[in-house]
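Visitor: The structure under discussion is supplied below as structure tokens; questions concerning it will follow.
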Amino acid sequence: MRIKMRIRRFNPEADSKPWWGEYWVDVEESDRVLDALHQVKWYQDGALTLRRSCAHGICGSDAMVINGRNALACKVLMQDVGDVCQVEPLRNMPLIKDLVVDMEPFFAKYRAVLPYLINDNLPASGERYQSQEARARYDDTTKCILCAACTTSCPSFWANEDYIGPAAIVQAHRFIFDDRDDAADLRLRVLNDVDGVWRCRTVFNCVQACPREIDVTRAIGEVKLALLNGLEE
Amino acid sequence: MAALVASLYKSISYRGAEGQWAWILHRASGLGIVLFLYMHILSIFVAAIGPEPYEWVHKTLYTSPPAKVMEVFLLFGVLYHAANGMRIIIIDFFPALGKYQRTIVRIELALVAIVLVPAAIITLQGLF
């Protein structure tokens with residue numbers, strides 16, 4: 001099948017503002033948007049700049065706006081995009097070139113929630129054991145691949161770039177509800193900030209955008225309740 | 001203002017689902033209610049000018065067909081804002097219900113319609 005690719009292009013050394021590039025590509029129905037972008041880059045315009053690594057929905061490098069909605073280019077099939085496939089870089093992130101945005105502000109928020117196990121008490125011997133029930137408590141939020149599809153789909157984030165964003169809250173949730181961790185209070189303090197969880201307006205764009213099908217708004221809601229009622233032991 | 005327009009453009013141009021449109025409508029209805037309150041205060045203030053202008057505003061202007069149509073919009077705004085606010089409160093206190101949010105939005109709109117349609121008919125009768 002022959003499909004028109006409309007790609008948002010921007011070269012900071014040559015362009016004063018972004019523009020739309022249009023390219024025709026021949027693809028299979030089972031190809032993914034990433035394959036179509038490769039066709040453009042490899043056979044039509046080598047200057048097209050995009051970020052991707054594993055190409056199998058695991059590394060989270062190729063999140064972009066595909067036909068007006070955030071998704072991973074390596075997970076969206078061409079048969080699902082229609083006759084015209086419009087691709088743009090993620091919103092509200094500093095644009096570097098074409099589809100590549102600066103992820104540093106996003107990762108700074110990720111680091112702000114202390115996304116690692118904190119527990120100064122060593123176990124008596126060997127490993128820290130955890131029951132299956134305790135592990136299941138935060139299972140959903142372990143699936144995050146930090147692609148930023150959720151955060152950049154959030155209207156609260158579009159309006160206020162200081163909002164910590166759904167991705168960082170998901171990462172915080174993963175440790176706050178881990179019974180081996182001792183630093184929930186530190187993370188909850190960060191999330192109780194004026195630009196923390198309370199900026200969430202339950203719009204559910206994050207849930208729709210998440211390529212890992214994490215129930216993001218539920219995780220944010222659970223953190224809100226933990227701030228309100230304290231953590232149940 | 002430019003930031004507001006940019007933010008509005010981003011919200012409308014993103015292909016979000018029910019949650020996004022429910023949120024945009026919540027904001028728009030909230031803004032509409034605030035504007036109505038200003039108008040309401042202003043129209044009551046007309047009493048300070050004299051009884052005739054006050055009577056004219058309330059008996060002639062407010063019963064005119066455009067005012068009646070706007071009244072239906074106001075009713076929708078208040079009903080929707082209240083129902084959607086309840087939906088947000090329910091999801092905030094029971095986050096697990098989030099996975100049914102599409103259904104909850106539809107139930108909410110149905111409830112709004114059940115109250116709005118008869119009320120609109122009563123408000124607009126005599127105009128047609």
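To be explicit about the labels: the chains of the structure tokens are called A, B, and onward in the order shown, and within each one the residues are counted from 1, while ligands get numbers from 1 in the order they are shown.
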Pull out every residue of chain A that has at least one atom within 10 Å of chain B, counting only C-alpha atoms, and report them as a VMD selection string.

Guide: chain A and resid 65 to 70 91 to 92 153 to 160 201 to 209 215 to 225

Visitor: List the neighbours of stretch 65-79 of chain B out to 8 Å using only C-alpha atoms; skip same-chain residues closer than 3 positions along the sequence, and give me the result as a ChimeraX atom specification.

Guide: /B:29-30,32-33,36,61-62,82-83,112,116,120,123-124,127

Visitor: Write the selection just made, keeping C-alpha atoms, as an mmCIF file, in the first residue's frame?

Guide:
```cif
data_model
loop_
_atom_site.group_PDB
_atom_site.id
_atom_site.type_symbol
_atom_site.label_atom_id
_atom_site.label_comp_id
_atom_site.auth_asym_id
_atom_site.auth_seq_id
_atom_site.Cartn_x
_atom_site.Cartn_y
_atom_site.Cartn_z
ATOM 1 C CA SER B 29 -18.901 25.550 31.382
ATOM 2 C CA GLY B 30 -17.090 26.873 34.466
ATOM 3 C CA GLY B 32 -19.600 30.400 31.248
ATOM 4 C CA ILE B 33 -21.051 30.212 34.766
ATOM 5 C CA PHE B 36 -23.228 34.618 33.925
ATOM 6 C CA LEU B 61 -34.811 41.682 28.032
ATOM 7 C CA TYR B 62 -34.693 38.437 30.025
ATOM 8 C CA ALA B 82 -22.088 19.709 38.578
ATOM 9 C CA ALA B 83 -22.329 16.207 37.080
ATOM 10 C CA VAL B 112 -27.596 15.686 32.238
ATOM 11 C CA LEU B 116 -31.952 19.193 30.573
ATOM 12 C CA ALA B 120 -35.350 23.123 27.966
ATOM 13 C CA THR B 123 -38.068 27.144 29.069
ATOM 14 C CA LEU B 124 -38.461 27.433 25.319
ATOM 15 C CA LEU B 127 -41.104 30.594 21.434
#
```

Visitor: Any idea what's packed within 10 Å of stretch 130-140 of chain A, counting only C-alpha atoms, ignoring anything in its chain fewer than 3 positions away? Could you give it as number ranges by chain?

Guide: A: 127, 143-144, 170, 173-180, 212-216, 218-219

Visitor: Please produce a file of the residues just selected, as a PDB file, in the first residue's frame, where the atoms kept are N, CA and C atoms.

Guide:
```
ATOM      1  N   GLU A 127      18.686 -12.140  50.857  1.00  0.00           N
ATOM      2  CA  GLU A 127      17.869 -11.184  50.111  1.00  0.00           C
ATOM      3  C   GLU A 127      16.784 -10.566  50.978  1.00  0.00           C
ATOM      4  N   LYS A 143       5.971  -1.322  34.910  1.00  0.00           N
ATOM      5  CA  LYS A 143       6.055  -1.540  33.465  1.00  0.00           C
ATOM      6  C   LYS A 143       6.522  -0.323  32.685  1.00  0.00           C
ATOM      7  N   CYS A 144       6.664   0.811  33.377  1.00  0.00           N
ATOM      8  CA  CYS A 144       7.005   2.072  32.694  1.00  0.00           C
ATOM      9  C   CYS A 144       8.365   1.987  32.001  1.00  0.00           C
ATOM     10  N   VAL A 170       4.205   7.930  38.264  1.00  0.00           N
ATOM     11  CA  VAL A 170       4.181   6.465  38.107  1.00  0.00           C
ATOM     12  C   VAL A 170       5.443   5.854  38.714  1.00  0.00           C
ATOM     13  N   HIS A 173       5.204   6.036  42.432  1.00  0.00           N
ATOM     14  CA  HIS A 173       4.229   5.040  42.888  1.00  0.00           C
ATOM     15  C   HIS A 173       4.895   3.673  43.021  1.00  0.00           C
ATOM     16  N   ARG A 174       5.757   3.349  42.059  1.00  0.00           N
ATOM     17  CA  ARG A 174       6.418   2.051  42.045  1.00  0.00           C
ATOM     18  C   ARG A 174       7.238   1.812  43.335  1.00  0.00           C
ATOM     19  N   PHE A 175       7.790   2.897  43.914  1.00  0.00           N
ATOM     20  CA  PHE A 175       8.578   2.736  45.145  1.00  0.00           C
ATOM     21  C   PHE A 175       7.779   3.053  46.404  1.00  0.00           C
ATOM     22  N   ILE A 176       6.825   4.000  46.302  1.00  0.00           N
ATOM     23  CA  ILE A 176       6.020   4.357  47.473  1.00  0.00           C
ATOM     24  C   ILE A 176       5.270   3.122  47.993  1.00  0.00           C
ATOM     25  N   PHE A 177       4.760   2.301  47.059  1.00  0.00           N
ATOM     26  CA  PHE A 177       3.949   1.148  47.468  1.00  0.00           C
ATOM     27  C   PHE A 177       4.748  -0.162  47.518  1.00  0.00           C
ATOM     28  N   ASP A 178       6.083  -0.033  47.479  1.00  0.00           N
ATOM     29  CA  ASP A 178       6.958  -1.194  47.619  1.00  0.00           C
ATOM     30  C   ASP A 178       7.257  -1.346  49.111  1.00  0.00           C
ATOM     31  N   ASP A 179       6.841  -2.460  49.737  1.00  0.00           N
ATOM     32  CA  ASP A 179       6.982  -2.582  51.198  1.00  0.00           C
ATOM     33  C   ASP A 179       8.432  -2.756  51.644  1.00  0.00           C
ATOM     34  N   ARG A 180       9.369  -2.924  50.713  1.00  0.00           N
ATOM     35  CA  ARG A 180      10.780  -3.006  51.109  1.00  0.00           C
ATOM     36  C   ARG A 180      11.408  -1.616  51.229  1.00  0.00           C
ATOM     37  N   ARG A 212       2.477   0.941  27.306  1.00  0.00           N
ATOM     38  CA  ARG A 212       2.582  -0.231  28.187  1.00  0.00           C
ATOM     39  C   ARG A 212       1.265  -0.503  28.901  1.00  0.00           C
ATOM     40  N   GLU A 213       0.248   0.244  28.542  1.00  0.00           N
ATOM     41  CA  GLU A 213      -1.092   0.065  29.096  1.00  0.00           C
ATOM     42  C   GLU A 213      -1.130   0.147  30.624  1.00  0.00           C
ATOM     43  N   ILE A 214      -0.329   1.048  31.152  1.00  0.00           N
ATOM     44  CA  ILE A 214      -0.364   1.289  32.596  1.00  0.00           C
ATOM     45  C   ILE A 214      -1.586   2.150  32.915  1.00  0.00           C
ATOM     46  N   ASP A 215      -2.258   1.820  34.008  1.00  0.00           N
ATOM     47  CA  ASP A 215      -3.419   2.620  34.431  1.00  0.00           C
ATOM     48  C   ASP A 215      -2.873   3.834  35.188  1.00  0.00           C
ATOM     49  N   VAL A 216      -2.367   4.813  34.418  1.00  0.00           N
ATOM     50  CA  VAL A 216      -1.600   5.921  35.000  1.00  0.00           C
ATOM     51  C   VAL A 216      -2.451   6.752  35.959  1.00  0.00           C
ATOM     52  N   ARG A 218      -4.973   5.927  37.667  1.00  0.00           N
ATOM     53  CA  ARG A 218      -5.217   5.200  38.908  1.00  0.00           C
ATOM     54  C   ARG A 218      -4.004   5.329  39.849  1.00  0.00           C
ATOM     55  N   ALA A 219      -2.792   5.188  39.281  1.00  0.00           N
ATOM     56  CA  ALA A 219      -1.582   5.320  40.094  1.00  0.00           C
ATOM     57  C   ALA A 219      -1.518   6.716  40.720  1.00  0.00           C
TER      58      ALA A 219
END
```

Visitor: Excluding stretch 100-117 of chain A and residues on its chain fewer than 4 positions from it, collect all residues at most 6 Å away from it, counting only C-alpha atoms, and give them as a ChimeraX atom specification.

Guide: /A:50,93-96,164,168,172,181,187

Visitor: Distance atom CA of A:Leu227-atom CA of A:Ala149, one decimal place?

Guide: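 Value for the atom CA of A:Leu227-atom CA of A:Ala149 distance: 25.4 Å.
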
Visitor: According to DSSP computed on the backbone, where in stretch 35-149 of chain A is there alpha helix (DSSP H)? Give the residues as number ranges by chain.

Guide: A: 35-39, 104-112, 132-136

Visitor: Now that the selection is made, can you save its residues with C-alpha atoms as a PDB file, in the first residue's frame?

Guide:
```
ATOM      1  CA  ASP A  35       9.408   1.299   9.092  1.00  0.00           C
ATOM      2  CA  ALA A  36       7.806   4.076   7.043  1.00  0.00           C
ATOM      3  CA  LEU A  37      10.049   6.666   8.741  1.00  0.00           C
ATOM      4  CA  HIS A  38      13.063   4.459   7.956  1.00  0.00           C
ATOM      5  CA  GLN A  39      11.992   4.347   4.297  1.00  0.00           C
ATOM      6  CA  GLU A 104      16.551  16.237  29.973  1.00  0.00           C
ATOM      7  CA  PRO A 105      13.722  18.238  31.656  1.00  0.00           C
ATOM      8  CA  PHE A 106      11.682  15.020  31.679  1.00  0.00           C
ATOM      9  CA  PHE A 107      14.473  12.992  33.277  1.00  0.00           C
ATOM     10  CA  ALA A 108      15.147  15.756  35.818  1.00  0.00           C
ATOM     11  CA  LYS A 109      11.573  15.224  37.101  1.00  0.00           C
ATOM     12  CA  TYR A 110      12.144  11.480  37.082  1.00  0.00           C
ATOM     13  CA  ARG A 111      15.216  11.916  39.281  1.00  0.00           C
ATOM     14  CA  ALA A 112      13.300  14.265  41.598  1.00  0.00           C
ATOM     15  CA  GLN A 132       3.528 -12.105  46.089  1.00  0.00           C
ATOM     16  CA  GLU A 133       0.690  -9.896  47.375  1.00  0.00           C
ATOM     17  CA  ALA A 134       3.109  -7.120  48.331  1.00  0.00           C
ATOM     18  CA  ARG A 135       4.772  -7.363  44.909  1.00  0.00           C
ATOM     19  CA  ALA A 136       1.413  -7.243  43.150  1.00  0.00           C
TER      20      ALA A 136
END
```

Visitor: So the first atom is atom CA of B:Ile121 and the second is atom CA of B:Ile104; what is the distance between them in Å, to one decimal place?

Guide: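 Taking atom CA of B:Ile121 and atom CA of B:Ile104, their separation equals 26.0 Å.
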
Visitor: Between atom CA of A:Leu77 and atom CA of A:Trp24, what distance in Å does the model show, to one decimal?

Guide: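 The value is 16.6 Å.
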